[in-house]
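Down below is the structure, laid out as structure tokens.
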Amino acid sequence: MTKYRKIALAMLAAPLALGVASCGSSADDEALAGEPIDPIVAPAGTQWTETVNISEMDGYVLGNPEAPIKLVEYGSLTCGACASFATSASEKLKSEYVSSGVVSYELRNQVHNGIDLVLASLVRCGQKESFHPLSDQVWFNLNDVLTRAQANPQALEEAMNLPENQRFVAVGEATGLLDFFAARGLSRDQASTCLADAASVSAIADRSNTQSEELGVTGTPTFFINDRKVNANNWGDVEPLLQQAGAR
């Protein structure tokens with residue numbers, strides 16, 4: 001059974017909860033060290049905070065793709081600790097660090113449950129530049145998203161019995177997520193088309209499983225700086241590590 005099928009069948013196994021504690025991350029304690037790095041100017045007519053590329057790991061890299069300091073987050077879109085990080089870090093991370101060209105920020109989805117999988121599919125559904133703003137919108141409104149997602153368990157259960165090309169469209173409808181994203185620029189038709197692509201949805205779950213096992217990502221949020229997993233799961237701990245690495 002693929003990770004995708006396991007997640008789909010486990011969707012209703014336990015209620016989703018909004019919490020601010022880390023969702024199980026672990027990390028080594030080795031410190032980063034580096035000399036201060038001068039700002040790197042973006043190409044004419046562009047800004048690093050509007051530059052997005054998709055990495056070979058299928059993460060979405062915001063900022064200078066050649067930034068000397070690369071921050072990677074494995075995040076779950078149903079994780080309260082990830083929402084807390086987004087709320088506290090998003091503005092400053094982008095305006096002070098990504099904008100300088102010294103730091104890039106790559107977000108990779110770790111999928112925890114069926115709702116998470118639907119969300120990960122939807123934030124990827126539009127232009128690549130919309131991935132980070134839509135992810136932030138989910139996290140900024142997580143309590144409402146999770147409340148609506150669990151409001152109609154019978155409809156969710158019925159959705160899970162549908163064919164794969166209809167299942168997650170029905171989940172998006174039953175949870176109110178089609179309307180949530182439509183209000184943020186992703187049309188219901190476009191969202192439904194993405195959710196009906198069972199192969200693409202399955203690939204997100206399978207990548208999450210494979211990468212988590214290969215890199216030892218046991219929960220979210222888990223952060224890497226220049227390929228080194230760091231002992232930090234909140235902005236108060238991540239920012240000093242970026243500064244220590246040279247973003248200052």
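Simple scheme: letters A, B, ... for chains in structure tokens order, numbers from 1 for residues in each chain, numbers from 1 for ligands in the order shown.
DSSP on the backbone gives strand (DSSP E or B) for these parts of region 35-160 of chain A: A:Val52, A:Asn53, A:Ile54, A:Tyr60, A:Val61, A:Leu62, A:Ile69, A:Lys70, A:Leu71, A:Val72, A:Glu73, A:Tyr74, A:Gly75, A:Val103, A:Ser104, A:Tyr105, A:Glu106, A:Leu107, A:Arg108, A:Asn109.
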Restricting it to C-alpha atoms, dump the selection as a PDB file, in the first residue's frame.
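What ended up in result.pdb:
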ATOM      1  CA  VAL A  52      10.222  31.390  -6.712  1.00  0.00           C
ATOM      2  CA  ASN A  53      11.773  28.200  -8.083  1.00  0.00           C
ATOM      3  CA  ILE A  54      10.869  24.560  -7.592  1.00  0.00           C
ATOM      4  CA  TYR A  60       9.271  25.800  -3.367  1.00  0.00           C
ATOM      5  CA  VAL A  61      12.328  28.052  -3.014  1.00  0.00           C
ATOM      6  CA  LEU A  62      11.590  31.690  -2.262  1.00  0.00           C
ATOM      7  CA  ILE A  69      22.430  30.470   3.213  1.00  0.00           C
ATOM      8  CA  LYS A  70      19.670  28.040   2.373  1.00  0.00           C
ATOM      9  CA  LEU A  71      16.879  27.571   4.907  1.00  0.00           C
ATOM     10  CA  VAL A  72      14.632  24.555   4.315  1.00  0.00           C
ATOM     11  CA  GLU A  73      11.486  23.826   6.294  1.00  0.00           C
ATOM     12  CA  TYR A  74       9.583  20.567   6.307  1.00  0.00           C
ATOM     13  CA  GLY A  75       6.131  21.746   7.286  1.00  0.00           C
ATOM     14  CA  VAL A 103      18.973  33.673   2.523  1.00  0.00           C
ATOM     15  CA  SER A 104      16.596  31.543   0.494  1.00  0.00           C
ATOM     16  CA  TYR A 105      13.612  29.840   2.093  1.00  0.00           C
ATOM     17  CA  GLU A 106      12.409  26.518   0.746  1.00  0.00           C
ATOM     18  CA  LEU A 107       9.198  24.948   1.999  1.00  0.00           C
ATOM     19  CA  ARG A 108       8.662  21.215   1.530  1.00  0.00           C
ATOM     20  CA  ASN A 109       5.408  19.527   2.508  1.00  0.00           C
TER      21      ASN A 109
END
Please identify all polymer residues within 7 Å of region 42-48 of chain A, counting only C-alpha atoms, omitting same-chain residues fewer than 3 positions from it, and present them as an mmCIF file with C-alpha atoms, in the first residue's frame.
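What landed in selection-v3.cif:
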data_model
loop_
_atom_site.group_PDB
_atom_site.id
_atom_site.type_symbol
_atom_site.label_atom_id
_atom_site.label_comp_id
_atom_site.auth_asym_id
_atom_site.auth_seq_id
_atom_site.Cartn_x
_atom_site.Cartn_y
_atom_site.Cartn_z
ATOM 1 C CA THR A 51 11.407 34.995 -7.024
ATOM 2 C CA GLY A 63 14.448 34.080 -2.961
ATOM 3 C CA ASN A 64 17.880 33.941 -4.543
ATOM 4 C CA VAL A 98 15.157 36.704 1.820
ATOM 5 C CA SER A 99 15.022 40.237 0.394
ATOM 6 C CA GLY A 101 19.576 37.734 -1.396
#
Extract, using only C-alpha atoms, all DNA, RNA and protein residues at most 6 Å from region 186-197 of chain A, discarding same-chain residues fewer than 5 positions from it, and format them as a list in words. Asn165, Gln166, Phe168, Val169, Leu178 and Phe181 of chain A
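The smallest atom-to-atom distance between Gln211 (chain A) and any of A:Gly59, A:Gly34, A:Pro39, A:Pro163, using only C-alpha atoms, is found for A:Gly59.
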Within 12 Å of Val118 (chain A) using only C-alpha atoms, minus same-chain residues under 6 positions, as a PyMOL selection string: chain A and resi 4+7-8+11+76-78+109+111-112+124-125+138+145+149+167-178+181+191-192+194-198+200-202+204-205
Measuring between only C-alpha atoms, which one of A:Ala155, A:Val123, A:Val230, A:Ala33 shows the shortest distance to Phe180 (chain A)? A:Val123
From a backbone DSSP assignment, name each residue in region 46-178 of chain A labelled alpha helix (DSSP H), as a PyMOL selection string. chain A and resi 80-92+114-123+131-140+142-149+153-160+164-174+177-178
Which neighbours of Asn234 (chain A) fall inside 12 Å, counting only C-alpha atoms, when residues of the same chain fewer than 4 positions from it are skipped, and could you give them as a PDB file with C-alpha atoms, in the first residue's frame?
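out-v5.pdb written:
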ATOM      1  CA  VAL A  20       1.746  25.237  19.159  1.00  0.00           C
ATOM      2  CA  ALA A  21       4.108  22.534  20.359  1.00  0.00           C
ATOM      3  CA  SER A  22       6.448  21.062  17.771  1.00  0.00           C
ATOM      4  CA  CYS A  23       4.873  18.099  15.998  1.00  0.00           C
ATOM      5  CA  SER A  25      10.830  17.196  15.173  1.00  0.00           C
ATOM      6  CA  GLU A  73      11.486  23.826   6.294  1.00  0.00           C
ATOM      7  CA  GLY A  75       6.131  21.746   7.286  1.00  0.00           C
ATOM      8  CA  GLY A  80      -0.098  24.169  14.831  1.00  0.00           C
ATOM      9  CA  ALA A  81       3.615  24.613  15.463  1.00  0.00           C
ATOM     10  CA  CYS A  82       4.135  25.302  11.755  1.00  0.00           C
ATOM     11  CA  ALA A  83       1.315  27.839  11.887  1.00  0.00           C
ATOM     12  CA  SER A  84       2.986  29.478  14.861  1.00  0.00           C
ATOM     13  CA  PHE A  85       6.252  29.709  12.943  1.00  0.00           C
ATOM     14  CA  ALA A  86       4.534  31.218   9.908  1.00  0.00           C
ATOM     15  CA  THR A  87       2.717  33.768  12.047  1.00  0.00           C
ATOM     16  CA  SER A  88       5.846  34.881  13.889  1.00  0.00           C
ATOM     17  CA  ALA A  89       8.433  34.522  11.112  1.00  0.00           C
ATOM     18  CA  SER A  90       6.886  35.092   7.710  1.00  0.00           C
ATOM     19  CA  THR A 220       7.140  19.304  11.802  1.00  0.00           C
ATOM     20  CA  PRO A 221       8.433  21.889  11.652  1.00  0.00           C
ATOM     21  CA  THR A 222      11.920  20.550  10.953  1.00  0.00           C
ATOM     22  CA  PHE A 223      14.541  22.968   9.632  1.00  0.00           C
ATOM     23  CA  VAL A 230      19.299  22.226  13.159  1.00  0.00           C
ATOM     24  CA  VAL A 238      15.970  29.811  13.808  1.00  0.00           C
ATOM     25  CA  GLU A 239      16.794  33.499  13.408  1.00  0.00           C
ATOM     26  CA  PRO A 240      19.975  33.403  15.570  1.00  0.00           C
ATOM     27  CA  LEU A 241      21.202  30.423  13.523  1.00  0.00           C
TER      28      LEU A 241
END
Can you work out which one of A:Asp179, A:Asp116, A:Glu129, A:Asp38 has the shortest atom-to-atom distance to Tyr97 (chain A), counting only C-alpha atoms? A:Asp38
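Distances from A:Leu134, A:Ala159, A:Ile115, A:Ala247 to Ile40 (chain A) were compared using only C-alpha atoms, and the smallest one belongs to A:Ala247.
In this structure, CA of Asp206 (chain A) sits 26.4 Å away from CA of Phe140 (chain A).
Minimum atom-to-atom distances from A:Gly219, A:Ser121, A:Glu164, A:Ile37 to Asn233 (chain A) were compared using only C-alpha atoms, and the lowest value belongs to A:Gly219.
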